[in-house]
$ cat query-v4.txt   # compact mmCIF, C-alpha atoms
# COMPACT_ATOMS: atom_id res chain seq x y z
CA MET A 1 0.00 0.00 0.00
CA ASP A 2 1.32 3.42 -0.89
CA THR A 3 0.34 5.99 1.70
CA GLU A 4 3.03 8.52 0.96
CA ILE A 5 2.36 11.58 3.07
CA PRO A 6 3.20 14.79 1.23
CA GLY A 7 5.89 16.77 2.99
CA PRO A 8 9.58 16.01 3.27
CA ALA A 9 11.49 15.13 0.15
CA VAL A 10 11.86 11.41 -0.36
CA ILE A 11 15.59 10.97 -0.80
CA PHE A 12 16.06 7.40 0.34
CA ASP A 13 14.50 4.26 -1.00
CA ARG A 14 13.44 2.59 2.26
CA ALA A 15 12.76 -0.71 0.50
CA ALA A 16 16.38 -0.69 -0.64
CA VAL A 17 17.58 0.12 2.88
CA ARG A 18 15.63 -2.89 4.08
CA ALA A 19 16.92 -5.15 1.32
CA HIS A 20 20.50 -4.11 2.11
CA ARG A 21 19.94 -4.95 5.80
CA ASP A 22 18.41 -8.31 4.87
CA ARG A 23 21.41 -9.11 2.71
CA ALA A 24 23.87 -7.96 5.36
CA ALA A 25 22.10 -10.15 7.94
CA ARG A 26 23.00 -13.20 5.91
CA SER A 27 26.68 -12.31 5.65
CA ALA A 28 29.30 -12.65 8.34
CA THR A 29 29.49 -10.16 11.18
CA ALA A 30 33.13 -9.36 10.31
CA HIS A 31 32.04 -6.20 8.51
CA GLU A 32 30.36 -4.77 11.55
CA PHE A 33 33.44 -3.44 13.33
CA LEU A 34 32.43 0.17 12.67
CA VAL A 35 28.93 -0.45 13.99
CA ARG A 36 30.44 -2.06 17.08
CA GLU A 37 32.90 0.81 17.59
CA SER A 38 30.10 3.36 17.30
CA ALA A 39 27.94 1.36 19.76
CA ARG A 40 30.85 1.28 22.20
CA ARG A 41 31.21 5.08 22.02
CA LEU A 42 27.48 5.56 22.42
CA LEU A 43 27.36 3.36 25.51
CA ASP A 44 30.35 5.14 27.03
CA ARG A 45 28.04 8.13 27.35
CA LEU A 46 25.92 6.20 29.82
CA GLU A 47 28.82 6.22 32.26
CA ASP A 48 28.44 10.00 32.71
CA VAL A 49 24.80 9.64 33.73
CA THR A 50 23.83 8.55 37.23
CA ARG A 51 20.19 7.85 36.39
CA ARG A 52 18.82 4.39 35.68
CA PHE A 53 16.91 3.55 32.51
CA PRO A 54 14.88 0.36 33.12
CA ARG A 55 13.09 0.24 29.75
CA ALA A 56 15.15 0.60 26.60
CA LEU A 57 14.63 0.58 22.86
CA ASP A 58 17.44 -0.14 20.40
CA LEU A 59 16.10 1.23 17.12
CA GLY A 60 17.94 0.04 14.04
CA CYS A 61 19.53 -2.66 16.19
CA ARG A 62 20.88 -4.79 13.31
CA GLY A 63 21.97 -8.09 14.91
CA GLY A 64 21.84 -6.80 18.49
CA ILE A 65 25.44 -5.57 18.66
CA LEU A 66 24.69 -2.79 21.13
CA SER A 67 22.97 -5.00 23.71
CA ARG A 68 25.82 -7.48 23.58
CA ILE A 69 28.30 -4.86 24.80
CA LEU A 70 25.89 -3.15 27.19
CA LYS A 71 27.25 -5.14 30.16
CA GLY A 72 24.73 -4.01 32.74
CA ARG A 73 25.28 -0.28 32.29
CA GLY A 74 22.53 2.31 32.72
CA GLY A 75 20.38 0.10 34.94
CA ILE A 76 18.63 -1.27 31.87
CA GLU A 77 16.27 -4.11 32.75
CA SER A 78 14.50 -4.71 29.44
CA ILE A 79 15.32 -3.88 25.84
CA VAL A 80 13.26 -3.96 22.66
CA HIS A 81 15.36 -4.78 19.62
CA ALA A 82 13.80 -3.13 16.58
CA ASP A 83 15.02 -2.97 13.01
CA LEU A 84 13.60 -2.43 9.54
CA SER A 85 14.87 -5.88 8.62
CA TRP A 86 13.23 -9.04 9.92
CA GLU A 87 16.32 -10.98 8.88
CA MET A 88 18.36 -8.80 11.25
CA VAL A 89 16.18 -9.04 14.37
CA ARG A 90 15.69 -12.75 13.77
CA ARG A 91 19.43 -13.19 14.36
CA ILE A 92 19.01 -12.01 17.94
CA SER A 93 18.06 -15.11 19.86
CA GLY A 94 18.70 -16.35 23.33
CA PRO A 95 19.76 -14.22 26.26
CA SER A 96 22.61 -11.80 25.77
CA PRO A 97 25.88 -13.49 26.79
CA SER A 98 27.04 -10.31 28.52
CA ASP A 99 23.92 -9.84 30.54
CA GLY A 100 21.66 -12.81 31.31
CA ALA A 101 19.26 -10.73 33.42
CA LEU A 102 18.27 -8.47 30.54
CA ALA A 103 14.70 -9.06 29.31
CA GLU A 104 14.74 -8.88 25.52
CA SER A 105 12.04 -8.70 22.88
CA ARG A 106 12.08 -8.12 19.15
CA ALA A 107 10.03 -6.21 16.59
CA VAL A 108 10.33 -5.09 12.99
CA ALA A 109 9.81 -1.32 12.93
CA ASP A 110 10.34 1.63 10.64
CA GLU A 111 11.96 4.78 12.08
CA GLU A 112 9.67 6.85 9.88
CA ARG A 113 6.54 5.24 11.37
CA LEU A 114 7.24 4.12 14.90
CA PRO A 115 4.86 1.53 16.36
CA PHE A 116 5.35 2.44 20.03
CA ALA A 117 2.89 4.09 22.42
CA PRO A 118 3.84 7.43 23.99
CA GLY A 119 6.03 7.18 27.07
CA SER A 120 7.10 3.58 26.43
CA PHE A 121 10.83 3.94 27.10
CA ASP A 122 13.31 5.46 29.54
CA ILE A 123 16.03 5.43 26.90
CA VAL A 124 16.22 5.05 23.14
CA PHE A 125 19.41 4.02 21.39
CA SER A 126 19.82 4.39 17.66
CA ASN A 127 23.20 3.34 16.37
CA LEU A 128 24.05 4.23 12.76
CA SER A 129 20.56 3.95 11.38
CA LEU A 130 18.82 7.35 11.40
CA HIS A 131 20.92 8.59 8.47
CA TRP A 132 18.68 6.49 6.23
CA THR A 133 15.45 8.25 7.20
CA ASN A 134 13.83 10.60 4.69
CA ASP A 135 12.05 12.50 7.42
CA LEU A 136 14.63 12.85 10.20
CA PRO A 137 12.70 15.67 11.96
CA GLY A 138 9.59 13.49 11.94
CA ALA A 139 11.51 10.47 13.23
CA LEU A 140 12.97 12.55 16.08
CA VAL A 141 9.53 13.88 17.05
CA GLN A 142 8.19 10.31 17.16
CA LEU A 143 11.16 9.20 19.26
CA ASN A 144 10.57 12.07 21.67
CA ARG A 145 6.98 10.90 22.11
CA ALA A 146 8.02 7.27 22.61
CA LEU A 147 10.20 8.40 25.53
CA LYS A 148 8.91 8.97 29.03
CA PRO A 149 9.34 12.53 30.35
CA ASP A 150 13.04 12.99 31.16
CA GLY A 151 13.87 9.97 28.98
CA LEU A 152 17.14 9.98 27.06
CA LEU A 153 17.87 9.67 23.35
CA LEU A 154 21.36 8.45 22.48
CA ALA A 155 21.84 8.29 18.72
CA ALA A 156 24.71 8.06 16.29
CA MET A 157 24.46 8.61 12.56
CA PHE A 158 26.85 9.10 9.68
CA GLY A 159 27.59 12.77 9.01
CA GLY A 160 28.30 14.89 5.93
CA ASP A 161 32.00 14.15 5.50
CA THR A 162 31.51 10.39 5.56
CA LEU A 163 33.22 8.65 2.63
CA TRP A 164 34.10 11.93 0.92
CA GLU A 165 37.20 10.36 -0.64
CA LEU A 166 35.11 7.57 -2.17
CA ARG A 167 32.49 9.98 -3.45
CA GLU A 168 35.11 12.18 -5.06
CA ALA A 169 36.87 9.26 -6.73
CA LEU A 170 33.65 7.76 -8.09
CA LEU A 171 32.35 11.08 -9.38
CA ARG A 172 35.60 11.89 -11.15
CA ALA A 173 35.92 8.45 -12.70
CA GLU A 174 32.35 8.48 -13.89
CA ALA A 175 32.60 11.97 -15.35
CA GLU A 176 35.79 10.93 -17.18
CA SER A 177 34.68 7.66 -18.66
CA GLU A 178 30.94 8.01 -19.01
CA GLY A 179 30.53 11.73 -19.53
CA GLY A 180 28.14 12.16 -16.59
CA ALA A 181 27.73 11.39 -12.95
CA SER A 182 25.07 10.07 -10.59
CA PRO A 183 25.23 9.96 -6.80
CA ARG A 184 27.10 6.81 -5.77
CA VAL A 185 27.19 7.34 -2.03
CA SER A 186 24.18 8.34 0.01
CA PRO A 187 23.92 11.94 1.23
CA PHE A 188 24.41 12.51 4.95
CA VAL A 189 23.32 15.05 7.54
CA ASP A 190 25.41 17.99 8.73
CA VAL A 191 26.20 18.22 12.45
CA ARG A 192 24.83 21.79 12.75
CA ASP A 193 21.54 20.71 11.18
CA ALA A 194 21.41 17.71 13.50
CA GLY A 195 21.63 19.90 16.62
CA ASP A 196 18.97 22.19 15.22
CA LEU A 197 16.70 19.24 14.44
CA LEU A 198 16.97 17.97 18.03
CA ASN A 199 15.80 21.33 19.32
CA ARG A 200 12.98 21.51 16.83
CA ALA A 201 11.88 18.01 17.88
CA ARG A 202 11.57 19.46 21.43
CA PHE A 203 14.48 17.64 22.98
CA ALA A 204 15.89 19.42 26.01
CA LEU A 205 19.56 19.83 26.92
CA SER A 206 20.39 18.52 23.47
CA VAL A 207 23.93 18.09 22.21
CA ALA A 208 25.19 17.13 18.76
CA ASP A 209 28.87 16.40 18.31
CA VAL A 210 31.16 14.74 15.83
CA ASP A 211 33.73 11.97 15.90
CA THR A 212 35.83 11.16 12.89
CA VAL A 213 37.06 7.63 12.35
CA THR A 214 39.55 6.90 9.58
CA VAL A 215 39.80 3.31 8.42
CA MET A 216 42.67 2.16 6.20
CA TYR A 217 41.83 -0.18 3.34
CA PRO A 218 44.14 -2.11 0.99
CA ASP A 219 41.96 -1.08 -1.95
CA MET A 220 38.63 0.49 -2.85
CA PHE A 221 36.92 -2.84 -3.44
CA ARG A 222 37.52 -3.96 0.13
CA LEU A 223 35.93 -0.71 1.31
CA MET A 224 32.90 -1.25 -0.90
CA ALA A 225 32.58 -4.87 0.28
CA ASP A 226 32.62 -3.61 3.87
CA LEU A 227 29.86 -1.10 3.15
CA ARG A 228 27.68 -3.82 1.70
CA GLY A 229 28.52 -6.08 4.64
CA MET A 230 27.27 -3.41 7.02
CA GLY A 231 24.07 -3.02 5.00
CA GLU A 232 25.27 0.47 4.11
CA ALA A 233 25.21 0.28 0.33
CA ASN A 234 23.77 3.34 -1.38
CA ALA A 235 19.98 3.61 -1.07
CA ALA A 236 19.49 7.10 -2.46
CA ARG A 237 16.55 7.10 -4.83
CA ALA A 238 18.58 9.05 -7.36
CA ARG A 239 21.24 6.32 -7.45
CA ARG A 240 21.76 4.51 -10.69
CA ARG A 241 20.06 1.13 -10.69
CA THR A 242 22.55 -0.49 -13.03
CA PHE A 243 26.01 -1.66 -12.06
CA THR A 244 28.86 0.71 -12.54
CA ARG A 245 31.02 -0.32 -15.46
CA ARG A 246 34.05 -2.32 -14.41
CA ASP A 247 36.50 0.08 -16.09
CA THR A 248 34.87 3.05 -14.31
CA LEU A 249 35.33 1.28 -10.97
CA MET A 250 38.94 0.45 -11.79
CA ARG A 251 39.56 4.08 -12.75
CA ALA A 252 37.90 5.27 -9.51
CA GLY A 253 40.18 2.95 -7.53
CA ALA A 254 43.20 4.45 -9.30
CA ILE A 255 42.01 8.04 -8.68
CA TYR A 256 41.38 7.22 -5.01
CA ARG A 257 44.95 5.90 -4.70
CA GLU A 258 46.46 8.87 -6.59
CA LEU A 259 44.70 11.43 -4.42
CA HIS A 260 44.69 9.80 -1.00
CA GLY A 261 46.86 6.65 -0.94
CA ASP A 262 49.63 6.55 1.67
CA GLU A 263 53.22 5.48 0.96
CA GLU A 264 52.25 1.82 1.36
CA GLY A 265 49.40 2.27 -1.10
CA ARG A 266 46.68 1.96 1.53
CA LEU A 267 43.54 4.04 1.19
CA PRO A 268 42.04 6.04 4.05
CA ALA A 269 38.25 6.11 4.33
CA THR A 270 36.68 8.78 6.51
CA PHE A 271 33.61 7.97 8.57
CA GLN A 272 32.13 10.96 10.34
CA ILE A 273 29.89 9.88 13.19
CA VAL A 274 27.42 12.49 14.46
CA SER A 275 26.24 11.77 17.99
CA LEU A 276 22.92 13.11 19.19
CA THR A 277 22.01 13.38 22.85
CA GLY A 278 18.69 14.81 23.98
CA TRP A 279 16.20 14.49 26.81
CA ALA A 280 12.43 14.31 26.53
CA PRO A 281 11.14 17.44 28.29
CA HIS A 282 10.41 17.30 32.00
CA VAL A 283 9.67 20.03 34.58
CA SER A 284 12.77 19.15 36.60
CA GLN A 285 15.13 20.13 33.80
CA PRO A 286 16.98 23.44 33.97
CA LYS A 287 15.67 26.04 31.56
CA PRO A 288 16.94 29.49 30.68
CA ARG A 289 14.99 32.27 32.39
CA ARG A 290 13.23 35.03 30.55
CA PRO A 291 15.72 37.79 29.58
CA GLY A 292 15.57 40.62 32.06
CA SER A 293 14.09 38.48 34.85
CA ALA A 294 17.31 38.51 36.94
CA THR A 295 17.00 39.66 40.55
CA ALA A 296 20.71 40.02 41.26
CA ARG A 297 23.49 41.80 39.44
CA LEU A 298 26.26 39.80 37.84
CA ALA A 299 28.66 42.52 38.99
CA ASP A 300 27.70 41.88 42.62
CA ALA A 301 28.31 38.16 42.25
CA LEU A 302 31.72 38.86 40.75
CA GLY A 303 32.52 41.53 43.38
CA THR A 304 33.20 44.20 40.79
CA THR A 305 31.58 47.41 39.61
CA GLU A 306 29.31 47.51 36.62
CA ARG A 307 30.38 49.72 33.74
CA PHE A 308 28.30 50.67 30.73
CA ALA A 309 29.79 49.00 27.68
CA GLY A 310 27.89 51.00 25.08
CA ASP A 311 25.32 48.38 24.10
CA THR A 312 21.72 49.39 23.79
CA ALA A 313 20.06 46.18 24.95
CA ARG A 314 17.30 46.79 27.42
CA PRO A 315 15.71 44.31 29.73
CA GLY A 316 12.58 43.04 28.01
CA MET B 1 13.28 -13.75 25.25
CA ASP B 2 10.36 -14.47 22.98
CA ASP B 3 12.06 -17.59 21.68
CA SER B 4 9.13 -19.98 21.57
CA LYS B 5 7.65 -19.74 18.13
CA GLY B 6 4.42 -17.85 17.75
CA THR B 7 4.53 -16.28 21.19
CA VAL B 8 4.97 -12.56 21.44
CA ASP B 9 6.32 -11.03 24.61
CA PRO B 10 3.22 -9.71 26.47
CA LYS B 11 5.21 -6.71 27.70
CA LEU B 12 5.98 -5.81 24.09
CA LEU B 13 2.28 -6.12 23.17
CA GLU B 14 1.47 -3.55 25.86
CA ILE B 15 3.50 -0.83 24.15
CA LEU B 16 2.92 -1.61 20.46
CA VAL B 17 0.56 0.64 18.52
CA CYS B 18 -0.41 0.88 14.86
CA PRO B 19 2.46 2.69 13.08
CA LEU B 20 -0.03 4.41 10.78
CA THR B 21 -2.70 5.64 13.18
CA LYS B 22 -0.87 5.21 16.52
CA GLY B 23 -4.11 3.57 17.61
CA PRO B 24 -4.57 0.34 19.59
CA LEU B 25 -3.91 -3.15 18.26
CA ARG B 26 -5.81 -6.37 18.87
CA TYR B 27 -3.76 -9.55 19.15
CA ASP B 28 -5.27 -12.30 17.04
CA HIS B 29 -3.51 -15.32 18.50
CA ALA B 30 -4.90 -17.85 16.00
CA ALA B 31 -3.98 -15.82 12.93
CA GLN B 32 -0.73 -14.54 14.48
CA GLU B 33 -1.61 -10.99 13.58
CA LEU B 34 -1.87 -7.64 15.28
CA VAL B 35 -5.03 -6.00 14.02
CA SER B 36 -5.48 -2.25 13.72
CA GLU B 37 -9.21 -1.69 13.22
CA GLN B 38 -8.68 2.03 12.68
CA ALA B 39 -6.22 1.51 9.83
CA GLY B 40 -7.98 -1.60 8.53
CA LEU B 41 -4.66 -3.42 8.59
CA ALA B 42 -3.35 -6.62 10.14
CA TYR B 43 0.34 -6.79 10.93
CA PRO B 44 1.84 -10.27 10.70
CA ILE B 45 3.89 -11.99 13.41
CA ARG B 46 6.65 -14.27 12.18
CA ASP B 47 8.58 -16.46 14.62
CA GLY B 48 7.21 -14.38 17.47
CA ILE B 49 8.45 -11.14 15.89
CA PRO B 50 5.72 -8.57 15.09
CA ILE B 51 6.34 -6.97 11.70
CA MET B 52 5.08 -3.42 12.21
CA LEU B 53 5.43 -2.28 8.61
CA VAL B 54 2.53 -0.85 6.65
CA ASP B 55 3.97 -2.40 3.48
CA GLU B 56 3.83 -5.88 5.02
CA ALA B 57 0.36 -5.59 6.50
CA ARG B 58 -2.73 -7.40 5.25
CA ARG B 59 -5.65 -5.17 4.36
CA LEU B 60 -8.73 -6.16 6.32
CA ASP B 61 -11.53 -5.21 3.93
CA ASP B 62 -10.91 -7.77 1.20
CA GLY B 63 -8.33 -10.03 2.77
CA GLU B 64 -5.94 -9.10 0.01
CA ASP B 65 -2.26 -9.04 0.74
CA VAL B 66 -1.45 -5.36 0.24
CA ARG B 67 2.14 -5.95 -0.77
CA SER B 68 1.07 -8.25 -3.56
CA PRO B 69 1.94 -6.47 -6.79
CA SER B 70 -0.65 -8.26 -8.89
CA ARG B 71 -4.18 -7.06 -8.40
CA GLU B 72 -6.20 -8.64 -11.13
CA ARG B 73 -9.62 -7.26 -10.43

$ encode --input "query-v4.txt" --output "structure tokens"
Amino acid sequence: MDTEIPGPAVIFDRAAVRAHRDRAARSATAHEFLVRESARRLLDRLEDVTRRFPRALDLGCRGGILSRILKGRGGIESIVHADLSWEMVRRISGPSPSDGALAESRAVADEERLPFAPGSFDIVFSNLSLHWTNDLPGALVQLNRALKPDGLLLAAMFGGDTLWELREALLRAEAESEGGASPRVSPFVDVRDAGDLLNRARFALSVADVDTVTVMYPDMFRLMADLRGMGEANAARARRRTFTRRDTLMRAGAIYRELHGDEEGRLPATFQIVSLTGWAPHVSQPKPRRPGSATARLADALGTTERFAGDTARPG
Amino acid sequence: MDDSKGTVDPKLLEILVCPLTKGPLRYDHAAQELVSEQAGLAYPIRDGIPIMLVDEARRLDDGEDVRSPSRER
């Protein structure tokens, strides 16, 4: 059934995202090192928080990587594993080896149309999955609602500089040999936009920051195999549906090496990971006061005298 | 863990809603479906895993599988 709601531009082919996940679920987990590394960094953030989060959702869970390295952190008692791919969630079976006490359940769910009642979770994790949503603002609003008041969103997604070397090499090779170019690598979000989106989705105390991970590859084909293995092959709707010509790929590999190869001929691949942290609103959270509502002078607190600096701002 | 086939975790059922209408779901144990009367859709459960995708749901009015590409009528 096609119930496309008019609104945000449809950039990604969600059926392709799902097919890529299904395919990746059938391959070995060796390609998932980046997903695991990102999950590790995401969970490290829990160590700064003293609160407990009994009910958790891992949205875009793939094969349950995050829960396997959770190791009892965050006071999590139950977790719902949800992914767009049934093949992926099906892989999660039996209690987590790291944490036998964790109650686990599984569902197939779409980030763009969440099937969870308001206030269902104390914490939502989303590790390297939200970059495939067409309507990221809409997905964030739905996540906010699925959280209890003062619930925490911890998300990581690929950012704008991800795979820029690969994109450049493919575009140049294609322009050279085929006289035109089509997007070969999916577009990603910018960190400034991500922070703005969190605020617009009514997350409080929100933070967006960036980590850059550079992975060295022996050649471009190993990189592309890894991307497929992670279920991260291009799913942009504007992508070309036919295979790239072999000679174009060979040329792209050569351009990549010319431009970026190190002295041993290895190729660096940049992965920019944008981390999003935000809290569902709650009355207990600190909020900025209305401008001009101060009852004490800053100068008094600092033990100095106030001097007019020439600005014309007036208390409103 | 909802490992026994065909059994959905009751705690999960408590929080699931229709992804289209956000309305309530009725668990049809025999058919292994979660029925959204409001949306007129039934979401299948495979190996105890509810598939909460509109594209995978069965339309209630005519019993037709909505993802089926061939609609010869």

$ residues_around --input "query-v4.txt" --residues "segment 63-71 of chain A" --least-positions-apart "5" --cutoff "10 Å" --atoms "all atoms listed in the file" --output "PyMOL selection string"
chain A and resi 21+24-25+29+32-33+35-40+42-44+46+58+76+79-83+85+87-93+95-100+102+104+106+125-127

$ closest_atom_pairs --input "query-v4.txt" --of "chain A" --to "chain B" --cutoff "8 Å" --atoms "all atoms listed in the file" --output "CSV"
residue,atom,partner,partner_atom,distance
A:Met1,CA,B:Val66,CA,5.6
A:Asp2,CA,B:Asp55,CA,7.7
A:Val80,CA,B:Leu12,CA,7.6
A:Trp86,CA,B:Ile51,CA,7.4
A:Arg90,CA,B:Ile49,CA,7.7
A:Ser93,CA,B:Asp3,CA,6.7
A:Gly94,CA,B:Met1,CA,6.3
A:Pro95,CA,B:Met1,CA,6.6
A:Ala103,CA,B:Met1,CA,6.4
A:Glu104,CA,B:Met1,CA,5.1
A:Ser105,CA,B:Met1,CA,5.7
A:Arg106,CA,B:Ile49,CA,5.7
A:Ala107,CA,B:Pro50,CA,5.1
A:Val108,CA,B:Ile51,CA,4.6
A:Ala109,CA,B:Met52,CA,5.2
A:Asp110,CA,B:Leu53,CA,6.6
A:Arg113,CA,B:Pro19,CA,5.1
A:Leu114,CA,B:Pro19,CA,5.3
A:Pro115,CA,B:Pro19,CA,4.2
A:Phe116,CA,B:Leu16,CA,4.7
A:Ala117,CA,B:Ile15,CA,5.3
A:Ser120,CA,B:Ile15,CA,6.1

$ atom_distance --input "query-v4.txt" --atom1 "atom CA of Arg18 of chain A" --atom2 "atom CA of Glu232 of chain A"
10.2 Å

$ closest_residue --input "query-v4.txt" --among "A:Val207, A:Leu84, A:Leu34, A:Val141" --to "Thr270 of chain A" --atoms "only C-alpha atoms"
A:Leu34

$ atom_distance --input "query-v4.txt" --atom1 "atom CA of Pro137 of chain A" --atom2 "atom CA of Asp190 of chain A"
13.3 Å

$ atom_distance --input "query-v4.txt" --atom1 "atom CA of Gln32 of chain B" --atom2 "atom CA of Leu57 of chain A"
23.1 Å

$ closest_residue --input "query-v4.txt" --among "A:Arg200, A:Arg245, A:Arg228, A:Arg145" --to "Ala173 of chain A" --atoms "only C-alpha atoms"
A:Arg245
